[in-house]
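Participant: Can you keep this structure in mind? I'll have questions shortly.
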Amino acid sequence: MCQYVRISIFSAVDLIKAIRACKTHADERAVIQKESAFIRTSFKEENTELRHSNISKLLYIHMLGYPAHFGQIECLKLAASPLFSDKRLGYLGTMLLLDENQEVLTLLTNSLKNDLNHANMYIVGLALCTLGNIASAEMSRDLCSEVEKLLGSSNMYIRKKAALCAIRIIRKVPDLQENFIQRASSLLNDRNHGVLLSGITLITEMCVASQETLLHFRKAVPVLVRHLKNLVSAGFSAEHDVTGVTDPFLQIKILRLLRILGKDDVESSEAMNDILAQVATNTESSKNVGNSILYETVLTIMETPSDNALRVLAINILGKFLSNRDNNIRYVALTTLNKSISLDVNAVQRHRNIILDCLRDADISIRRRALELSFSLINESNVRVLTRELLAFLEIADNEFKPSMTTKICLAAERFAPNKRWHIDTVLRVLKLAGNYVREEMLAAFIRLITQTSELQGYAVQKLYGALKEDISQESLTLAGVWVIGEYGDILISGGSYEEEELAKEVTESDVIDLLESILAGPFANQVLREYIVTALMKLTSRFTSASSSERVKQLLVGFSTSIEVEIQQRAVEFMNLFQYDEIRPAVLERMPVMQIKETIIAGERLNSPASSSAGPSDQDLLLDLMGIGTSGGTTNAQISTGAPASSGSGPASNIDLLADLFGGSSVSSPPATSNPSAAAVSGLFAGIGSPLAATSPTPASAGNNILDLLGGGMTATTASPTSAPAFARAASANSNGSASSQSSTHKTFPVYSKNGFSIVFTPQRDTANPNVVNILATFHNDGAVSGGPISGVQFHAAVTKTQQLQMRPASSNEVAADGNATQLLKIANPQKTPVRLRLKVVYTTANHGVVTELSEFAGFPDGAY
């Protein structure tokens, strides 16, 4: 243990030496505990002679992280002392040991008020510094007038401190800023750089906090431009020079204020264009001081309505930053280019090569920003070049980059592909390089592309077969290859070949089955892949002509019929039974219909369409889904399928009945108005075999989803295709006052809710295009005599049962005027004709009742009516 002996009075220096001499934390704690006990005793004895020394030691103890709160009152006593040395230590202790939330702080207000009126400018400075650090809202109101008076002081030291203190007061009480506007305006003409810097900082804070203040200070733009011009053209000044640049701190503050004042204001922007160009061209960029000024200049140019030439100059400055060896500067440049690419994409394109070079940077943060910017640069003219570079980077990229990269490359190819073949080759390359990181939506889009491009189906199946011969470790590549081979195996056999050791070899039926068997026996096979292969093998029995191939498939299915995986066992048993019905087996296993063209949607957004977006499920939707009822947010845009899937080909009309008899006698109903009974039979056959990974939906499956449900892979590509609204709903939505159209008066209405002057009425009507859909017009009415005026913040949420699906259009208005109406359209898909039952949540605000939140249920429609 350290030697800690109390002789008489332990000075601050001795305490520091004693603590530093301690060998362990326990020794240090012992020293501090003994000294803290001595300090407490001294405080209780009101020993004024030792108060200064005790506070000094206590502040050091506080800096080490030990409790020192018991010295707060003593700090206030020191601050009230007439001695400057005591005041300085007292205010320092107050700032360290107190904060604005402690009641003890109110005892300091009187001392601060006296010191703010003191004749000694340094004591005034101490008071301003303390007030600027720990002022509470109450203290700010009490001392605002003193600070305002000091802003007009003849002493530049006090003016500077007062401006900084005023910033704290404005942040705590924004309403007080009008007291400082006149004084702050006078600071812009101050000749002292320190006062000018503080004044501009104060004005910046005021402009950010209040739009009215911003409009007031826009007339000061010429003054700021003059100051900036003087700084740029000024010669060497030893007092303000920093590595050859005159007062860079003041220049940056002026540029930042100009950026705020010039935003969305053409007149102010024109006044500063010349000086911005002068700063951008004359500032030295070889040192960080100059780079900081250039960066602020670029931000000012980008955020104000500047000339196009000036914006090109700003982007060129950022391009020069990319060549800097300092990673911080390069990171800042990439981040700013990402934000400004929407302003002038052609100017950013000129620096494409440097941006691509950043993909190989050792710093992962720079690689990430460069990658984001590279994807933003892709368009029709450069898609080939940029995609080639991105694929090269994908090969060496860190695993954390691969999921987002594969998605964005596939979406870029889908959006900008010059032709279908290039699109297929690009996605295939992605599958080869990072197939384990490809999202299911991208895989579904690739399969959809192949089904839609009949002229390239042979090319695609050959390429995928060759890829699987080389590598089966990439899961998405294997899934896509197995699906395509199962679907187009006959094309592969009839004219297909693949390259092996630079020799073109023809593919036989035995080769295809051998490949699928090798995948099953490989180390990368999982349940989903086995499900794909079982289904693909069964399809091949109708594509291949040799009996030996069918026998091999049968033997494989027999082995799977005893699988411990229930899904695979079920498929194998059903497929084995299907061999007993050779007259319908070709129809059941015929090619899937051409999938509908859909936009690829990821996480609720159409990522390949910049002008459109679709909201994902809300928290309320997820909660209601857990409760066991169907969901719909207030303005969701979920699809309600209104037609049969597109299909081709034909089959016997009795196929449906045969399949129903085959699997237990239950009837299998086809989708309405279908043109292909065989496709409908396939959909019904495999309706109950979906993998646990597949997403279920109560709406009729489209043709694109049938093919994926057949495989049980769970790959679904969602679309948002809103159905047309009935005439009465369109008329109601077009009504600017939110009142219902007179056309709806012919339909029966059902009251749903009525309270606090706010009522809701439903007007249902069956959809003319699809009898399984009912359109409900919800009319909101405001009884002004009860509600006390307009009703605002109207939110209407609804949920339906699992057998139904709900889509809600946006309301005509979220405010209902007194004695006025608003409307909102609900569309409910009810294919099973179950009673319509809704769970409702209504939120609104009235003058007489405040915010109202109500939950209710509605089941008032007659049974069987809708």
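Letters for chains follow the order of the structure tokens (A, B, ...), residue numbers begin at 1 for each chain, and ligand numbers begin at 1 in the order shown.
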When you look at Gly850 in chain A with a cut-off of 12 Å (counting only C-alpha atoms), what residues show up, excluding the ones that are within fewer than 2 positions of it in the same chain? I need them as an MDAnalysis selection string.
Facilitator: chainID A and resid 756 787:793 843:848 852:853
Participant: I need the chosen residues saved as a PDB file, in the first residue's frame, with N, CA, C and O atoms.
Facilitator:
ATOM      1  N   ASN A 756     -69.147  11.715 -30.383  1.00  0.00           N
ATOM      2  CA  ASN A 756     -68.441  13.000 -30.297  1.00  0.00           C
ATOM      3  C   ASN A 756     -68.637  13.860 -31.550  1.00  0.00           C
ATOM      4  O   ASN A 756     -67.791  14.674 -31.907  1.00  0.00           O
ATOM      5  N   SER A 787     -69.048  18.482 -32.258  1.00  0.00           N
ATOM      6  CA  SER A 787     -67.582  18.391 -32.212  1.00  0.00           C
ATOM      7  C   SER A 787     -66.932  19.716 -31.869  1.00  0.00           C
ATOM      8  O   SER A 787     -65.801  19.740 -31.386  1.00  0.00           O
ATOM      9  N   GLY A 788     -67.619  20.808 -32.140  1.00  0.00           N
ATOM     10  CA  GLY A 788     -67.061  22.113 -31.805  1.00  0.00           C
ATOM     11  C   GLY A 788     -66.202  22.714 -32.893  1.00  0.00           C
ATOM     12  O   GLY A 788     -65.503  23.694 -32.655  1.00  0.00           O
ATOM     13  N   GLY A 789     -66.249  22.187 -34.102  1.00  0.00           N
ATOM     14  CA  GLY A 789     -65.443  22.737 -35.189  1.00  0.00           C
ATOM     15  C   GLY A 789     -64.888  21.637 -36.073  1.00  0.00           C
ATOM     16  O   GLY A 789     -65.356  20.493 -36.050  1.00  0.00           O
ATOM     17  N   PRO A 790     -63.868  21.945 -36.849  1.00  0.00           N
ATOM     18  CA  PRO A 790     -63.296  20.933 -37.742  1.00  0.00           C
ATOM     19  C   PRO A 790     -62.685  19.771 -36.947  1.00  0.00           C
ATOM     20  O   PRO A 790     -62.196  19.946 -35.830  1.00  0.00           O
ATOM     21  N   ILE A 791     -62.710  18.587 -37.551  1.00  0.00           N
ATOM     22  CA  ILE A 791     -62.074  17.407 -36.974  1.00  0.00           C
ATOM     23  C   ILE A 791     -60.792  17.147 -37.756  1.00  0.00           C
ATOM     24  O   ILE A 791     -60.807  17.035 -38.991  1.00  0.00           O
ATOM     25  N   SER A 792     -59.668  17.069 -37.049  1.00  0.00           N
ATOM     26  CA  SER A 792     -58.358  16.913 -37.702  1.00  0.00           C
ATOM     27  C   SER A 792     -57.721  15.585 -37.305  1.00  0.00           C
ATOM     28  O   SER A 792     -58.167  14.916 -36.374  1.00  0.00           O
ATOM     29  N   GLY A 793     -56.658  15.245 -38.029  1.00  0.00           N
ATOM     30  CA  GLY A 793     -55.888  14.037 -37.711  1.00  0.00           C
ATOM     31  C   GLY A 793     -56.678  12.757 -37.817  1.00  0.00           C
ATOM     32  O   GLY A 793     -56.472  11.826 -37.036  1.00  0.00           O
ATOM     33  N   VAL A 843     -58.967   7.120 -35.108  1.00  0.00           N
ATOM     34  CA  VAL A 843     -58.258   8.147 -34.337  1.00  0.00           C
ATOM     35  C   VAL A 843     -58.607   9.500 -34.945  1.00  0.00           C
ATOM     36  O   VAL A 843     -58.522   9.675 -36.168  1.00  0.00           O
ATOM     37  N   TYR A 844     -59.006  10.464 -34.112  1.00  0.00           N
ATOM     38  CA  TYR A 844     -59.309  11.800 -34.601  1.00  0.00           C
ATOM     39  C   TYR A 844     -59.204  12.792 -33.447  1.00  0.00           C
ATOM     40  O   TYR A 844     -59.131  12.407 -32.283  1.00  0.00           O
ATOM     41  N   THR A 845     -59.214  14.074 -33.790  1.00  0.00           N
ATOM     42  CA  THR A 845     -59.078  15.144 -32.797  1.00  0.00           C
ATOM     43  C   THR A 845     -60.194  16.163 -33.018  1.00  0.00           C
ATOM     44  O   THR A 845     -60.368  16.664 -34.142  1.00  0.00           O
ATOM     45  N   THR A 846     -60.943  16.453 -31.967  1.00  0.00           N
ATOM     46  CA  THR A 846     -61.996  17.469 -32.035  1.00  0.00           C
ATOM     47  C   THR A 846     -61.695  18.584 -31.043  1.00  0.00           C
ATOM     48  O   THR A 846     -60.920  18.409 -30.097  1.00  0.00           O
ATOM     49  N   ALA A 847     -62.334  19.724 -31.273  1.00  0.00           N
ATOM     50  CA  ALA A 847     -62.124  20.874 -30.385  1.00  0.00           C
ATOM     51  C   ALA A 847     -62.707  20.627 -29.002  1.00  0.00           C
ATOM     52  O   ALA A 847     -62.143  21.071 -27.997  1.00  0.00           O
ATOM     53  N   ASN A 848     -63.806  19.917 -28.924  1.00  0.00           N
ATOM     54  CA  ASN A 848     -64.481  19.719 -27.640  1.00  0.00           C
ATOM     55  C   ASN A 848     -64.001  18.482 -26.895  1.00  0.00           C
ATOM     56  O   ASN A 848     -64.204  18.377 -25.682  1.00  0.00           O
ATOM     57  N   VAL A 852     -59.128  11.472 -29.725  1.00  0.00           N
ATOM     58  CA  VAL A 852     -59.999  10.330 -29.429  1.00  0.00           C
ATOM     59  C   VAL A 852     -59.484   9.112 -30.188  1.00  0.00           C
ATOM     60  O   VAL A 852     -59.182   9.195 -31.382  1.00  0.00           O
ATOM     61  N   THR A 853     -59.350   7.989 -29.497  1.00  0.00           N
ATOM     62  CA  THR A 853     -58.953   6.717 -30.111  1.00  0.00           C
ATOM     63  C   THR A 853     -59.996   5.668 -29.746  1.00  0.00           C
ATOM     64  O   THR A 853     -60.254   5.431 -28.557  1.00  0.00           O
TER      65      THR A 853
END
Participant: When you look at Leu456 in chain A with a cut-off of 9 Å (counting only C-alpha atoms), what residues show up, excluding the ones that are within fewer than 6 positions of it in the same chain? I need them as a PyMOL selection string.
Facilitator: chain A and resi 420-421+424+450
Participant: For those residues, write N, CA, C and O atoms to a file as an mmCIF file, in the first residue's frame.
Facilitator:
data_model
loop_
_atom_site.group_PDB
_atom_site.id
_atom_site.type_symbol
_atom_site.label_atom_id
_atom_site.label_comp_id
_atom_site.auth_asym_id
_atom_site.auth_seq_id
_atom_site.Cartn_x
_atom_site.Cartn_y
_atom_site.Cartn_z
ATOM 1 N N LYS A 420 -32.091 -9.203 -73.932
ATOM 2 C CA LYS A 420 -32.424 -10.282 -73.007
ATOM 3 C C LYS A 420 -31.232 -11.212 -72.767
ATOM 4 O O LYS A 420 -31.025 -11.695 -71.651
ATOM 5 N N ARG A 421 -30.467 -11.472 -73.810
ATOM 6 C CA ARG A 421 -29.343 -12.405 -73.654
ATOM 7 C C ARG A 421 -28.311 -11.839 -72.680
ATOM 8 O O ARG A 421 -27.788 -12.554 -71.815
ATOM 9 N N ILE A 424 -29.624 -12.268 -69.186
ATOM 10 C CA ILE A 424 -29.475 -13.635 -68.674
ATOM 11 C C ILE A 424 -28.021 -13.916 -68.302
ATOM 12 O O ILE A 424 -27.728 -14.487 -67.241
ATOM 13 N N ILE A 450 -36.580 -16.138 -67.886
ATOM 14 C CA ILE A 450 -36.372 -17.270 -68.791
ATOM 15 C C ILE A 450 -37.699 -17.757 -69.356
ATOM 16 O O ILE A 450 -37.813 -18.060 -70.553
#
Participant: Range 808-819 of chain A: which residues within 6 Å, counting only C-alpha atoms, same-chain residues fewer than 2 positions away excluded, as a ChimeraX atom specification?
Facilitator: /A:635,733,738,782-784,789-794,821-826
Participant: Write the residues of the selection above to a file with C-alpha atoms, as an mmCIF file, in the first residue's frame.
Facilitator:
data_model
loop_
_atom_site.group_PDB
_atom_site.id
_atom_site.type_symbol
_atom_site.label_atom_id
_atom_site.label_comp_id
_atom_site.auth_asym_id
_atom_site.auth_seq_id
_atom_site.Cartn_x
_atom_site.Cartn_y
_atom_site.Cartn_z
ATOM 1 C CA THR A 635 -53.028 3.326 -47.017
ATOM 2 C CA SER A 733 -62.480 10.825 -54.206
ATOM 3 C CA GLY A 738 -64.770 15.076 -49.191
ATOM 4 C CA ASN A 782 -68.584 15.871 -38.864
ATOM 5 C CA ASP A 783 -71.502 17.251 -36.828
ATOM 6 C CA GLY A 784 -70.008 20.647 -36.094
ATOM 7 C CA GLY A 789 -65.443 22.737 -35.189
ATOM 8 C CA PRO A 790 -63.296 20.933 -37.742
ATOM 9 C CA ILE A 791 -62.074 17.407 -36.974
ATOM 10 C CA SER A 792 -58.358 16.913 -37.702
ATOM 11 C CA GLY A 793 -55.888 14.037 -37.711
ATOM 12 C CA VAL A 794 -58.430 11.476 -38.930
ATOM 13 C CA ASN A 821 -67.719 14.886 -45.232
ATOM 14 C CA ALA A 822 -64.639 12.903 -46.253
ATOM 15 C CA THR A 823 -64.432 9.485 -47.903
ATOM 16 C CA GLN A 824 -62.163 6.473 -48.090
ATOM 17 C CA LEU A 825 -62.492 3.387 -50.315
ATOM 18 C CA LEU A 826 -62.052 -0.170 -48.970
#
Participant: Enter the distance from CA of Gln349 in chain A to CA of Val438 in chain A, in Å, rounded to one decimal.
Facilitator: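 CA of Val438 in chain A lies at a distance of 28.1 Å from CA of Gln349 in chain A.
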Participant: Could you name the residues that touch Ser376 in chain A at 9 Å or less, counting only C-alpha atoms, but leaving out those on the same chain fewer than 5 positions away, as a short mmCIF file (atom, residue, chain, number, x, y, z; two decimals) with all heavy atoms, in the first residue's frame?
Facilitator:
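So the final result, stored in part31.cif, reads:
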data_model
loop_
_atom_site.label_atom_id
_atom_site.label_comp_id
_atom_site.auth_asym_id
_atom_site.auth_seq_id
_atom_site.Cartn_x
_atom_site.Cartn_y
_atom_site.Cartn_z
N ASN A 338 -22.69 11.22 -53.45
CA ASN A 338 -23.91 10.41 -53.34
C ASN A 338 -25.15 11.29 -53.16
O ASN A 338 -26.22 10.99 -53.69
CB ASN A 338 -23.80 9.44 -52.16
CG ASN A 338 -23.36 8.06 -52.59
OD1 ASN A 338 -23.87 7.51 -53.56
ND2 ASN A 338 -22.41 7.49 -51.89
N ILE A 341 -25.72 13.56 -56.67
CA ILE A 341 -25.79 12.96 -57.99
C ILE A 341 -27.12 13.28 -58.68
O ILE A 341 -27.20 13.36 -59.90
CB ILE A 341 -25.58 11.43 -57.89
CG1 ILE A 341 -25.41 10.84 -59.29
CG2 ILE A 341 -26.72 10.76 -57.14
CD1 ILE A 341 -24.97 9.40 -59.28
N VAL A 345 -26.09 14.48 -62.82
CA VAL A 345 -25.50 13.15 -62.94
C VAL A 345 -24.40 13.11 -63.98
O VAL A 345 -23.42 12.37 -63.86
CB VAL A 345 -26.61 12.11 -63.25
CG1 VAL A 345 -27.21 12.37 -64.62
CG2 VAL A 345 -26.08 10.70 -63.17
N LEU A 371 -19.23 1.96 -53.63
CA LEU A 371 -20.16 0.98 -54.18
C LEU A 371 -21.55 1.60 -54.33
O LEU A 371 -22.21 1.44 -55.37
CB LEU A 371 -20.22 -0.23 -53.26
CG LEU A 371 -20.97 -1.47 -53.77
CD1 LEU A 371 -20.33 -1.98 -55.05
CD2 LEU A 371 -20.97 -2.56 -52.71
#
